[in-house]
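> structure.txt is reproduced in full below (compact mmCIF, C-alpha atoms).
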```
# COMPACT_ATOMS: atom_id res chain seq x y z
CA MET I 1 -68.18 11.99 -8.93
CA ARG I 2 -68.61 10.63 -12.43
CA GLY I 3 -64.82 10.61 -12.73
CA VAL I 4 -64.52 8.26 -9.76
CA ILE I 5 -67.24 5.95 -11.02
CA ALA I 6 -65.76 5.83 -14.51
CA ARG I 7 -62.20 5.12 -13.33
CA LEU I 8 -63.27 2.40 -10.94
CA GLY I 9 -65.67 0.93 -13.44
CA VAL I 10 -62.96 0.53 -16.07
CA VAL I 11 -61.08 -1.98 -13.95
CA GLY I 12 -64.24 -3.52 -12.50
CA LEU I 13 -63.63 -2.46 -8.92
CA LEU I 14 -67.16 -1.32 -8.03
CA LEU I 15 -70.09 -3.25 -6.68
CA PRO I 16 -72.26 -4.67 -9.47
CA GLY I 17 -74.71 -2.24 -11.01
CA VAL I 18 -73.07 0.90 -9.62
CA ALA I 19 -71.44 1.96 -12.87
CA SER I 20 -74.68 1.49 -14.81
CA CYS I 21 -76.22 4.61 -13.34
CA VAL I 22 -73.49 6.77 -14.87
CA GLU I 23 -72.84 4.95 -18.13
CA PRO I 24 -72.56 7.16 -21.26
CA PRO I 25 -75.46 7.28 -23.74
CA PRO I 26 -75.75 4.21 -25.99
CA GLU I 27 -74.39 6.12 -28.99
CA SER I 28 -71.09 6.85 -27.22
CA PRO I 29 -68.15 4.59 -28.15
CA PRO I 30 -66.86 2.28 -25.38
CA SER I 31 -63.52 4.13 -25.19
CA GLU I 32 -65.11 7.50 -24.43
CA ASP I 33 -63.26 7.77 -21.13
CA LEU I 34 -60.14 8.72 -23.06
CA PHE I 35 -61.55 11.80 -24.75
CA VAL I 36 -64.67 13.00 -22.89
CA PHE I 37 -64.07 15.76 -20.34
CA PRO I 38 -65.74 14.66 -17.09
CA GLY I 39 -66.39 18.11 -15.65
CA GLY I 40 -65.62 19.18 -12.09
CA VAL I 41 -62.48 17.04 -11.95
CA GLU I 42 -59.03 18.54 -11.35
CA THR I 43 -55.72 16.69 -11.63
CA ARG I 44 -53.09 17.02 -8.92
CA TRP I 45 -49.59 15.55 -8.39
CA ALA I 46 -47.90 15.34 -5.00
CA SER I 47 -44.11 15.04 -4.78
CA PHE I 48 -41.28 16.69 -2.87
CA GLU I 49 -41.45 19.37 -5.59
CA ASN I 50 -45.08 20.08 -4.59
CA PRO I 51 -45.83 18.17 -1.35
CA GLY I 52 -49.24 19.79 -0.88
CA ALA I 53 -50.37 18.90 -4.41
CA GLU I 54 -51.47 22.54 -4.65
CA LYS I 55 -52.48 24.40 -7.78
CA GLY I 56 -49.66 26.61 -9.05
CA HIS I 57 -47.20 25.57 -6.31
CA GLY I 58 -44.99 23.05 -8.16
CA GLY I 59 -41.23 23.33 -8.72
CA GLN I 60 -40.69 26.56 -6.79
CA LEU I 61 -37.19 25.81 -5.49
CA ASN I 62 -33.97 26.57 -7.41
CA ARG I 63 -35.72 29.15 -9.61
CA GLY I 64 -37.81 26.48 -11.31
CA ALA I 65 -34.95 24.10 -12.08
CA LYS I 66 -34.82 20.68 -10.48
CA GLY I 67 -34.71 21.55 -6.80
CA ARG I 68 -36.14 18.92 -4.47
CA PRO I 69 -36.68 15.60 -6.26
CA ALA I 70 -35.86 13.44 -3.23
CA GLU I 71 -35.32 13.50 0.51
CA ARG I 72 -33.35 11.51 3.05
CA LEU I 73 -35.44 9.46 5.47
CA LEU I 74 -33.65 9.08 8.76
CA ALA I 75 -33.98 5.98 10.90
CA GLY I 76 -37.10 6.34 13.01
CA ASP I 77 -38.41 9.23 10.93
CA GLU I 78 -41.36 9.46 8.54
CA ALA I 79 -42.22 11.25 5.30
CA THR I 80 -45.71 12.45 4.46
CA LEU I 81 -46.26 11.80 0.76
CA LEU I 82 -49.82 13.09 0.59
CA ASP I 83 -52.08 15.12 2.88
CA VAL I 84 -55.11 16.55 1.11
CA THR I 85 -58.78 17.15 1.77
CA GLY I 86 -61.33 15.55 -0.52
CA PRO I 87 -63.31 14.17 -2.12
CA GLY I 88 -60.91 12.63 -4.59
CA ILE I 89 -59.24 9.53 -5.87
CA VAL I 90 -55.60 8.42 -5.87
CA ASP I 91 -54.95 7.00 -9.34
CA ARG I 92 -51.26 6.11 -9.20
CA ILE I 93 -48.34 5.90 -6.79
CA TRP I 94 -44.70 5.76 -7.94
CA ILE I 95 -41.78 5.51 -5.50
CA THR I 96 -38.12 4.60 -5.73
CA VAL I 97 -35.62 4.28 -2.90
CA SER I 98 -31.84 4.03 -2.90
CA ASP I 99 -31.70 1.04 -0.52
CA ARG I 100 -33.72 -1.88 -1.86
CA SER I 101 -32.39 -4.59 0.41
CA PRO I 102 -34.99 -7.01 1.76
CA ARG I 103 -34.44 -5.70 5.30
CA MET I 104 -35.02 -2.09 4.28
CA LEU I 105 -38.09 -2.93 2.19
CA ARG I 106 -39.56 -4.80 5.16
CA SER I 107 -38.51 -2.11 7.65
CA LEU I 108 -40.15 0.70 5.72
CA ARG I 109 -43.86 0.92 6.46
CA ILE I 110 -46.39 2.52 4.11
CA GLU I 111 -49.62 3.75 5.68
CA MET I 112 -52.76 5.26 4.17
CA TYR I 113 -55.47 7.10 6.05
CA TRP I 114 -58.85 8.03 4.60
CA ASP I 115 -61.22 10.78 5.79
CA GLN I 116 -59.14 11.95 8.77
CA SER I 117 -59.34 8.50 10.42
CA GLU I 118 -56.93 7.90 13.28
CA GLN I 119 -56.42 4.27 12.25
CA PRO I 120 -54.82 3.48 8.86
CA ALA I 121 -56.65 1.56 6.17
CA VAL I 122 -53.23 0.41 4.92
CA SER I 123 -50.29 -0.40 7.20
CA VAL I 124 -47.99 -2.75 5.31
CA PRO I 125 -44.23 -3.29 4.80
CA PHE I 126 -43.25 -1.12 1.86
CA GLY I 127 -41.83 -3.77 -0.47
CA ASP I 128 -44.59 -6.29 0.14
CA PHE I 129 -47.28 -3.68 -0.50
CA PHE I 130 -46.06 -3.14 -4.06
CA GLY I 131 -46.80 -6.65 -5.24
CA VAL I 132 -43.74 -8.75 -4.38
CA GLY I 133 -43.64 -10.88 -1.25
CA LEU I 134 -40.64 -11.52 1.01
CA GLY I 135 -39.44 -7.90 0.81
CA ARG I 136 -37.84 -8.71 -2.53
CA THR I 137 -37.68 -6.80 -5.81
CA ALA I 138 -38.42 -8.12 -9.28
CA ALA I 139 -38.98 -6.62 -12.71
CA PHE I 140 -42.62 -7.28 -13.58
CA GLU I 141 -45.97 -5.81 -14.55
CA SER I 142 -49.40 -6.86 -13.36
CA ALA I 143 -52.79 -5.18 -13.63
CA LEU I 144 -52.29 -3.43 -10.28
CA PHE I 145 -48.52 -3.12 -9.74
CA SER I 146 -45.34 -2.83 -11.75
CA ASN I 147 -41.58 -2.53 -11.36
CA PRO I 148 -40.23 -1.96 -14.88
CA GLU I 149 -36.56 -2.71 -14.21
CA GLY I 150 -36.54 -3.91 -10.62
CA ARG I 151 -35.70 -0.46 -9.25
CA SER I 152 -39.07 1.22 -8.66
CA PHE I 153 -42.49 0.64 -7.12
CA ASN I 154 -45.74 1.47 -8.92
CA SER I 155 -49.38 1.04 -7.95
CA VAL I 156 -52.38 1.86 -10.14
CA ILE I 157 -55.05 0.69 -7.71
CA PRO I 158 -57.78 3.35 -7.57
CA MET I 159 -58.18 4.65 -4.00
CA PRO I 160 -61.21 6.93 -3.43
CA PHE I 161 -61.62 9.17 -0.39
CA ARG I 162 -64.51 11.30 0.77
CA THR I 163 -63.07 14.06 2.95
CA GLY I 164 -59.32 13.55 2.91
CA ALA I 165 -56.32 11.32 2.24
CA ARG I 166 -52.95 10.99 3.94
CA ILE I 167 -50.10 8.69 2.86
CA VAL I 168 -47.03 8.24 5.06
CA VAL I 169 -43.81 6.20 4.75
CA ARG I 170 -42.03 5.42 8.03
CA ASN I 171 -38.44 4.21 8.34
CA GLU I 172 -38.52 1.70 11.18
CA SER I 173 -35.04 0.35 10.46
CA SER I 174 -31.89 1.22 12.41
CA VAL I 175 -30.21 2.87 9.41
CA ASP I 176 -30.94 5.99 7.38
CA LEU I 177 -32.46 5.75 3.92
CA PRO I 178 -30.30 8.06 1.74
CA MET I 179 -32.91 8.87 -0.92
CA LEU I 180 -36.65 8.53 -1.40
CA PHE I 181 -38.34 9.84 -4.58
CA TYR I 182 -42.10 9.73 -5.19
CA ASP I 183 -45.14 10.87 -7.14
CA VAL I 184 -48.72 10.44 -5.96
CA ASN I 185 -51.13 11.21 -8.81
CA LEU I 186 -54.71 12.01 -7.86
CA ARG I 187 -57.88 13.76 -8.91
CA GLU I 188 -60.11 16.09 -6.99
CA VAL I 189 -63.76 15.29 -7.77
CA PRO I 190 -66.98 17.20 -7.10
CA GLY I 191 -68.82 14.70 -4.91
CA TRP I 192 -69.13 11.28 -3.28
CA ASN I 193 -71.32 8.28 -4.00
CA ASP I 194 -72.12 5.94 -1.13
CA ALA I 195 -71.68 2.93 -3.43
CA VAL I 196 -67.95 3.71 -3.68
CA LEU I 197 -65.67 1.67 -1.41
CA TYR I 198 -62.44 2.50 0.46
CA PHE I 199 -59.21 0.70 -0.36
CA HIS I 200 -57.49 -1.36 2.38
CA ALA I 201 -54.48 -3.65 2.70
CA PHE I 202 -53.38 -6.04 5.47
CA TRP I 203 -50.04 -7.85 5.92
CA HIS I 204 -48.82 -10.37 8.42
CA ARG I 205 -46.21 -13.06 8.78
CA ASN I 206 -46.39 -16.48 10.39
CA PRO I 207 -42.78 -17.70 10.71
CA ALA I 208 -43.86 -21.26 11.51
CA THR I 209 -47.38 -22.27 10.57
CA THR I 210 -49.14 -24.74 12.85
CA LEU I 211 -50.01 -28.15 11.43
CA LYS I 212 -53.66 -28.27 10.28
CA VAL I 213 -54.17 -24.53 11.01
CA ASP I 214 -54.57 -22.48 7.84
CA HIS I 215 -52.60 -19.27 7.37
CA GLU I 216 -54.96 -16.28 7.36
CA ILE I 217 -54.37 -14.12 4.30
CA LEU I 218 -57.24 -11.91 5.45
CA PRO I 219 -58.62 -12.31 8.98
CA ARG I 220 -62.35 -11.83 9.33
CA VAL I 221 -63.30 -8.31 8.30
CA ALA I 222 -66.82 -6.97 8.79
CA GLY I 223 -68.71 -4.79 6.35
CA ARG I 224 -69.72 -4.65 2.71
CA GLY I 225 -66.95 -4.85 0.18
CA ARG I 226 -64.78 -6.69 -2.26
CA TYR I 227 -61.78 -8.97 -1.78
CA LEU I 228 -59.30 -7.87 -4.44
CA GLY I 229 -56.59 -10.49 -3.99
CA ALA I 230 -53.18 -11.00 -2.40
CA ASN I 231 -49.52 -11.64 -2.79
CA VAL I 232 -48.03 -14.43 -0.69
CA GLY I 233 -44.44 -15.24 0.27
CA VAL I 234 -43.25 -18.68 1.39
CA ILE I 235 -39.88 -19.56 2.89
CA ALA I 236 -40.00 -23.33 2.90
CA ASN I 237 -38.82 -25.16 6.00
CA PRO I 238 -35.49 -26.90 5.22
CA LEU I 239 -36.46 -29.82 7.47
CA TYR I 240 -38.63 -31.09 4.60
CA GLU I 241 -35.50 -31.36 2.41
CA GLY I 242 -36.88 -29.70 -0.69
CA ALA I 243 -40.22 -31.52 -0.71
CA TRP I 244 -42.94 -29.68 -2.63
CA TRP I 245 -44.71 -27.22 -0.36
CA GLY I 246 -47.59 -25.92 -2.53
CA GLU I 247 -50.54 -28.32 -2.25
CA GLY I 248 -52.56 -26.07 0.06
CA GLU I 249 -55.96 -24.75 -1.04
CA VAL I 250 -57.15 -21.14 -0.77
CA LYS I 251 -60.49 -20.75 1.02
CA VAL I 252 -62.77 -17.70 1.08
CA TYR I 253 -65.39 -17.51 3.84
CA LEU I 254 -68.25 -15.18 2.96
CA ASP I 255 -71.22 -13.66 4.81
CA GLY I 256 -71.78 -16.00 7.72
CA ASP I 257 -69.91 -19.10 6.52
CA GLY I 258 -69.11 -21.39 9.43
CA THR I 259 -66.42 -24.05 9.35
CA SER I 260 -66.79 -24.55 5.59
CA PRO I 261 -66.12 -21.79 3.04
CA THR I 262 -68.21 -20.82 0.05
CA LEU I 263 -65.17 -20.54 -2.23
CA VAL I 264 -62.36 -23.08 -2.27
CA GLY I 265 -59.53 -23.77 -4.73
CA THR I 266 -57.67 -26.97 -5.56
CA GLY I 267 -54.06 -26.10 -4.75
CA THR I 268 -51.57 -23.27 -4.50
CA GLU I 269 -50.21 -23.28 -8.05
CA ASP I 270 -53.74 -23.88 -9.32
CA TYR I 271 -54.93 -20.74 -7.55
CA ILE I 272 -52.46 -18.57 -9.49
CA GLY I 273 -53.38 -20.18 -12.79
CA THR I 274 -50.52 -22.61 -13.39
CA GLY I 275 -50.15 -26.33 -12.62
CA TRP I 276 -47.82 -29.20 -11.82
CA GLY I 277 -45.40 -27.02 -9.89
CA GLN I 278 -44.67 -23.32 -9.87
CA GLY I 279 -42.04 -21.44 -11.86
CA GLU I 280 -41.50 -17.73 -12.48
CA PHE I 281 -44.08 -15.82 -14.54
CA ALA I 282 -45.84 -12.46 -14.41
CA HIS I 283 -49.32 -12.05 -15.91
CA ARG I 284 -51.89 -9.31 -15.42
CA PHE I 285 -53.90 -11.00 -12.68
CA GLN I 286 -51.70 -13.90 -11.56
CA GLY I 287 -48.03 -14.68 -11.29
CA CYS I 288 -45.07 -16.07 -9.39
CA LEU I 289 -42.24 -13.54 -9.20
CA ILE I 290 -39.86 -15.62 -7.08
CA ALA I 291 -39.38 -19.36 -7.55
CA ASP I 292 -36.02 -19.98 -5.94
CA ALA I 293 -35.64 -23.66 -5.12
CA ASP I 294 -32.02 -23.17 -4.03
CA ARG I 295 -33.10 -20.79 -1.27
CA ASP I 296 -36.54 -22.39 -0.74
CA GLU I 297 -38.31 -19.08 -1.45
CA TRP I 298 -41.45 -18.39 -3.46
CA ALA I 299 -43.54 -15.26 -3.92
CA PHE I 300 -46.77 -15.25 -5.94
CA TYR I 301 -50.00 -13.28 -6.47
CA ARG I 302 -53.61 -13.49 -7.65
CA TYR I 303 -55.87 -10.48 -8.25
CA HIS I 304 -59.62 -10.97 -8.55
CA VAL I 305 -60.30 -8.27 -11.13
CA PRO I 306 -61.93 -10.36 -13.90
CA ASP I 307 -63.49 -12.70 -11.29
CA PRO I 308 -64.79 -10.39 -8.53
CA VAL I 309 -65.26 -11.62 -4.97
CA TYR I 310 -67.95 -9.54 -3.24
CA PHE I 311 -69.22 -9.77 0.33
CA THR I 312 -72.16 -8.07 2.03
CA SER I 313 -71.39 -8.57 5.73
CA GLU I 314 -68.00 -10.25 6.25
CA CYS I 315 -65.06 -11.96 4.58
CA ARG I 316 -62.15 -14.16 5.63
CA VAL I 317 -59.46 -15.70 3.39
CA THR I 318 -57.02 -18.52 4.28
CA ILE I 319 -54.49 -20.82 2.64
CA GLN I 320 -53.55 -24.29 3.83
CA GLN I 321 -49.90 -25.19 4.31
CA ILE I 322 -49.82 -28.61 2.69
CA GLY I 323 -46.99 -30.18 0.69
CA GLY I 324 -46.22 -33.50 -0.88
CA ASN I 325 -43.65 -36.10 -1.84
CA LEU I 326 -43.39 -39.77 -2.68
CA LYS I 327 -44.50 -42.04 0.14
CA GLU I 328 -41.05 -43.49 0.79
CA GLU I 329 -39.60 -39.98 1.21
CA VAL I 330 -42.39 -38.91 3.54
CA LEU I 331 -41.86 -42.04 5.67
CA ARG I 332 -38.14 -41.23 5.81
CA LEU I 333 -38.89 -37.71 7.07
CA MET I 334 -41.25 -39.13 9.68
CA ASP I 335 -38.55 -41.54 10.85
CA GLN I 336 -36.30 -38.50 11.34
CA GLY I 337 -38.91 -36.89 13.57
CA VAL I 338 -39.94 -34.16 11.12
CA SER I 339 -43.31 -32.73 12.05
CA LEU I 340 -45.98 -33.52 9.47
CA ILE I 341 -49.46 -35.07 9.14
CA PRO I 342 -50.27 -37.24 6.08
CA VAL I 343 -53.48 -36.18 4.30
CA THR I 344 -53.88 -38.23 1.11
CA ILE I 345 -52.16 -40.86 -1.04
CA HIS I 346 -52.48 -40.52 -4.81
CA GLU I 347 -52.22 -43.98 -6.42
CA VAL I 348 -52.22 -43.65 -10.23
CA ASP I 349 -55.83 -42.52 -10.79
CA THR I 350 -57.16 -43.10 -7.25
CA LEU I 351 -57.02 -40.63 -4.38
CA HIS I 352 -57.02 -42.21 -0.93
CA LEU I 353 -58.33 -39.92 1.81
CA LEU I 354 -56.52 -40.65 5.07
CA LEU I 355 -58.09 -38.18 7.50
CA ASP I 356 -61.63 -39.33 6.63
CA ARG I 357 -60.89 -42.82 7.97
CA ASP I 358 -61.75 -43.82 11.53
CA PRO I 359 -59.32 -44.52 12.97
CA VAL I 360 -56.86 -42.56 10.84
CA PRO I 361 -54.31 -45.11 9.57
CA GLU I 362 -50.57 -44.83 10.06
CA LEU I 363 -48.75 -44.06 6.83
CA ALA I 364 -46.52 -47.09 7.41
CA ASP I 365 -49.59 -49.38 7.38
CA PRO I 366 -48.75 -52.12 4.81
CA ASP I 367 -52.35 -52.10 3.59
CA LEU I 368 -51.93 -48.56 2.25
CA PRO I 369 -50.73 -48.21 -1.34
CA ASP I 370 -47.59 -46.46 -2.50
CA GLY I 371 -47.81 -43.18 -4.37
CA TRP I 372 -47.70 -39.41 -3.89
CA VAL I 373 -48.46 -38.36 -0.32
CA ASN I 374 -49.82 -34.93 0.56
CA PHE I 375 -49.16 -33.82 4.12
CA TYR I 376 -49.65 -30.88 6.46
CA ARG I 377 -46.34 -29.10 7.09
CA SER I 378 -44.99 -25.99 8.81
CA ASP I 379 -43.36 -23.15 6.84
CA ASP I 380 -42.69 -19.42 7.06
CA VAL I 381 -45.63 -17.73 5.31
CA SER I 382 -46.34 -14.03 4.85
CA SER I 383 -49.06 -12.31 2.84
CA THR I 384 -50.50 -8.97 1.77
CA ALA I 385 -54.27 -8.90 1.26
CA TYR I 386 -55.94 -6.13 -0.75
CA PHE I 387 -59.62 -5.35 -0.39
CA TYR I 388 -62.28 -2.67 -0.56
CA LEU I 389 -64.62 -1.89 2.33
CA ASP I 390 -67.57 0.43 2.89
CA ARG I 391 -65.74 2.22 5.71
CA PRO I 392 -62.32 3.91 6.06
CA THR I 393 -61.08 1.60 8.85
CA SER I 394 -61.21 -2.19 9.12
CA GLY I 395 -60.49 -3.05 12.77
CA LEU I 396 -57.82 -5.58 11.75
CA PRO I 397 -54.73 -6.15 13.94
CA ALA I 398 -51.85 -3.68 13.84
CA LEU I 399 -48.75 -4.38 11.75
CA GLN I 400 -46.24 -6.67 13.45
CA PRO I 401 -43.05 -5.09 14.89
CA VAL I 402 -40.13 -4.62 12.55
CA ALA I 403 -38.05 -7.33 14.26
CA GLU I 404 -40.70 -9.93 13.36
CA ARG I 405 -40.96 -8.61 9.80
CA VAL I 406 -37.24 -8.82 8.98
CA ALA I 407 -36.20 -11.95 10.92
CA GLY I 408 -34.10 -14.22 8.69
CA LEU I 409 -34.03 -11.89 5.69
CA PRO I 410 -30.71 -11.17 3.94
CA GLU I 411 -28.91 -7.93 4.76
CA ASP I 412 -27.84 -6.74 1.31
CA GLU I 413 -29.71 -5.74 -1.81
CA SER I 414 -27.79 -8.10 -4.09
CA ALA I 415 -29.24 -11.10 -2.27
CA SER I 416 -32.70 -10.08 -3.44
CA ASN I 417 -31.96 -9.69 -7.16
```
Would you kindly transcribe this structure into structure tokens?


Amino acid sequence: MRGVIARLGVVGLLLPGVASCVEPPPESPPSEDLFVFPGGVETRWASFENPGAEKGHGGQLNRGAKGRPAERLLAGDEATLLDVTGPGIVDRIWITVSDRSPRMLRSLRIEMYWDQSEQPAVSVPFGDFFGVGLGRTAAFESALFSNPEGRSFNSVIPMPFRTGARIVVRNESSVDLPMLFYDVNLREVPGWNDAVLYFHAFWHRNPATTLKVDHEILPRVAGRGRYLGANVGVIANPLYEGAWWGEGEVKVYLDGDGTSPTLVGTGTEDYIGTGWGQGEFAHRFQGCLIADADRDEWAFYRYHVPDPVYFTSECRVTIQQIGGNLKEEVLRLMDQGVSLIPVTIHEVDTLHLLLDRDPVPELADPDLPDGWVNFYRSDDVSSTAYFYLDRPTSGLPALQPVAERVAGLPEDESASN
């Protein structure tokens, strides 16, 4: 099990103190993982050339030449990428598909099952799982995901399992997928440590958020674990005529928090490490891979690897849907009947809180100053949350039907690039 502890410890994905019990002697250099043989660990690769990831069973077709690198995935069918008994750890997943249109990437579903569980720990639209929201592709690299040239999907999130692992891709679209290639790289390890956590992911889409109701990135999940982060996609509502949408704060409710969270940010672009708006960038732990003002689409991520978020009994994560514009523009939208609720007015160096007043003033009140107005708004928001939990199932809601996942997305691949 030392191999599991060491691999997870390198990227800081264990509970605090767990790695210390298996640290190398003080005289060992810090990079010893690269050249010390762990003992009892065996490397396996699963692909269509060796679907069982079995010892001595790779590349048997076509007399050892390239024989089965890919398979067709018919509409309504599924492909099992991995089905092994453990204990072990999935170190890396690489997949490429011939149809990378937003509709196909949202129609494909990737599922992961740990320890023979009937319910998946991961059940997420394929494209969104691999780090880019909105079922889109982008060339990027982060600490957890990468897509070197916009044509492949890589994950290096460590995923331990105790007695077995199964990974499945389902084609829930109405068309066949001509080609699917993959590698799942894993290690068999000699034992299990109860401090190790299971990997989970949860996705859902809210096509029209409700005013003053935060979008749930991660609904309440019970257990001991770690919130790893999320990618979020926003399709801004055209009724707001290009007004800035990203003033909402991320909130993390931990271990019995009531109406107020323990952790709270200061705004959407602030949460992913930038400020004063949000353009395209890709860093190890934070980024915005889509910033398309012409189409009112944004997709961004934040991974809590250097700043871990642990919980001992429960966790819930939300993001507000709040935007902003100059007061005169907000009043104009209100006169047109656009649904919004003013929140604050920023006057030079003074922030006026509107909802704290009793009664709450009308924005058109002549006694209120001019300035930048933040307001609750309604947009199309989707998100993929990644987390670790001390059990192989989470009890979270099932993935939404494919029709809800793909509604409004472009048909062709070129529209996503």

> Check which residues of segment 327-409 of chain I sit at most 10 Å from segment 106-118 of chain I using only C-alpha atoms, and return one row each with the closest pair of atoms and their distance in Å to one decimal, ordered by chain and rising number, as a tab-separated table.


```
residue	atom	partner	partner_atom	distance
I:Arg391	CA	I:Trp114	CA	9.1
I:Pro392	CA	I:Trp114	CA	5.6
I:Thr393	CA	I:Ser117	CA	7.3
I:Leu399	CA	I:Arg109	CA	8.9
I:Pro401	CA	I:Ser107	CA	9.1
I:Val402	CA	I:Ser107	CA	5.7
I:Ala403	CA	I:Ser107	CA	8.4
I:Glu404	CA	I:Arg106	CA	9.7
I:Arg405	CA	I:Arg106	CA	6.2
I:Val406	CA	I:Arg106	CA	6.0
I:Ala407	CA	I:Arg106	CA	9.8
I:Leu409	CA	I:Arg106	CA	9.0
```

> For segment 263-292 of chain I versus segment 142-146 of chain I, which residues have an atom no more than 7 Å away, and what is each residue's nearest atom pair and distance in Å rounded to one decimal, using all atoms listed in the file, chain-then-number order, as a Markdown table?


```
| residue | atom | partner | partner_atom | distance |
| --- | --- | --- | --- | --- |
| I:Ala282 | CA | I:Ser142 | CA | 6.7 |
| I:His283 | CA | I:Ser142 | CA | 5.8 |
| I:Arg284 | CA | I:Ser142 | CA | 4.1 |
| I:Phe285 | CA | I:Ala143 | CA | 6.0 |
```

> Could you tell me how far atom CA of Val317 of chain I sits from atom CA of Val213 of chain I, in Å to one decimal place?

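Computed distance, atom CA of Val213 of chain I to atom CA of Val317 of chain I, equals 12.8 Å.
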
> Between atom CA of Gln119 of chain I and atom CA of Ala398 of chain I, measure the distance and give it in Å to one decimal.

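Rounded to one decimal, the two atoms are 9.3 Å apart.
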
> If we count all atoms listed in the file, what is near Leu254 of chain I at a cut-off of 9 Å, once residues fewer than 6 positions away on the same chain are taken out, given as a list in words?

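Non-adjacent residues within range: Pro261, Thr262, Leu263, Tyr310, Phe311, Thr312, Ser313, Glu314, Cys315, Arg316 and Val317 of chain I.
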
> What is the distance between atom CA of Asp128 of chain I and atom CA of Gly150 of chain I, in Å to one decimal?

13.6 Å

> May I ask which of the residues I:Lys55, I:Pro125, I:Val234, I:Ser383 is the closest one to Arg205 of chain I, counting only C-alpha atoms?

I:Ser383

> Any chance you could tabulate, as CSV, the residues of segment 112-188 of chain I at most 9 Å from segment 89-97 of chain I with each one's nearest atom pair and distance in Å to one decimal, using only C-alpha atoms, in chain and rising number order?


```
residue,atom,partner,partner_atom,distance
I:Arg151,CA,I:Thr96,CA,6.6
I:Ser152,CA,I:Thr96,CA,4.6
I:Phe153,CA,I:Ile95,CA,5.2
I:Asn154,CA,I:Trp94,CA,4.5
I:Ser155,CA,I:Ile93,CA,5.1
I:Val156,CA,I:Arg92,CA,4.5
I:Ile157,CA,I:Asp91,CA,6.5
I:Pro158,CA,I:Asp91,CA,4.9
I:Met159,CA,I:Val90,CA,4.9
I:Pro160,CA,I:Ile89,CA,4.1
I:Phe161,CA,I:Ile89,CA,6.0
I:Arg162,CA,I:Ile89,CA,8.7
I:Ala165,CA,I:Val90,CA,8.6
I:Leu177,CA,I:Val97,CA,7.7
I:Pro178,CA,I:Val97,CA,8.0
I:Met179,CA,I:Val97,CA,5.7
I:Leu180,CA,I:Val97,CA,4.6
I:Phe181,CA,I:Thr96,CA,5.4
I:Tyr182,CA,I:Ile95,CA,4.2
I:Asp183,CA,I:Trp94,CA,5.2
I:Val184,CA,I:Ile93,CA,4.6
I:Asn185,CA,I:Arg92,CA,5.1
I:Leu186,CA,I:Val90,CA,4.2
I:Arg187,CA,I:Ile89,CA,5.4
I:Glu188,CA,I:Ile89,CA,6.7
```

> Name the closest residue to Asn206 of chain I among the candidates I:Gln400, I:Val381, I:Gly64, I:Ser101; distances are taken between atoms, counting all atoms listed in the file.

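The closest residue to Asn206 of chain I is I:Val381.
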
> For each of I:Val250, I:Ala139, I:Leu82, I:Val305, take the minimum atom-to-atom distance to Asp270 of chain I, counting all atoms listed in the file, then give the residue where this is smallest.

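The closest residue to Asp270 of chain I is I:Val250.
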
> Counting all atoms listed in the file, select every polymer residue within 6 Å of (-53.1, -5.0, -0.2) as defined in the file's coordinates, and provide the selection as a PyMOL selection string.

chain I and resi 129+201-202+384-386

> I:Glu216, I:Asp83, I:Glu78, I:Glu247: which is nearest Arg44 of chain I, counting only C-alpha atoms?

I:Asp83

> Nearest residue to Gly164 of chain I out of I:Gly88, I:Pro207, I:Pro190, I:Pro359, using all atoms listed in the file?

I:Gly88

> For Ile235 of chain I, please output as a list in words all residues within 10 Å (counting all atoms listed in the file; exclusion window: fewer than 3 positions along the same chain).

Leu134, Pro207, Ala208, Pro238, Trp245, Asp292, Ala293, Arg295, Asp296, Glu297, Trp298, Ala299, Asp379, Asp380, Val381, Ser382 and Gly408 of chain I

> Produce segment 120-132 of chain I of the given structure as output with C-alpha atoms, as a PDB file, in the first residue's frame.


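selection.pdb written:
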```pdb
ATOM      1  CA  PRO I 120     -21.262   4.739  -9.640  1.00  0.00           C
ATOM      2  CA  ALA I 121     -18.935   7.096  -7.807  1.00  0.00           C
ATOM      3  CA  VAL I 122     -18.583   9.013 -11.084  1.00  0.00           C
ATOM      4  CA  SER I 123     -21.429   9.526 -13.568  1.00  0.00           C
ATOM      5  CA  VAL I 124     -20.610  12.614 -15.618  1.00  0.00           C
ATOM      6  CA  PRO I 125     -20.854  13.789 -19.250  1.00  0.00           C
ATOM      7  CA  PHE I 126     -17.628  12.724 -20.913  1.00  0.00           C
ATOM      8  CA  GLY I 127     -16.344  16.109 -22.093  1.00  0.00           C
ATOM      9  CA  ASP I 128     -17.176  17.935 -18.878  1.00  0.00           C
ATOM     10  CA  PHE I 129     -15.450  15.284 -16.780  1.00  0.00           C
ATOM     11  CA  PHE I 130     -12.104  15.966 -18.452  1.00  0.00           C
ATOM     12  CA  GLY I 131     -11.815  19.533 -17.241  1.00  0.00           C
ATOM     13  CA  VAL I 132     -13.669  21.692 -19.769  1.00  0.00           C
TER      14      VAL I 132
END
```
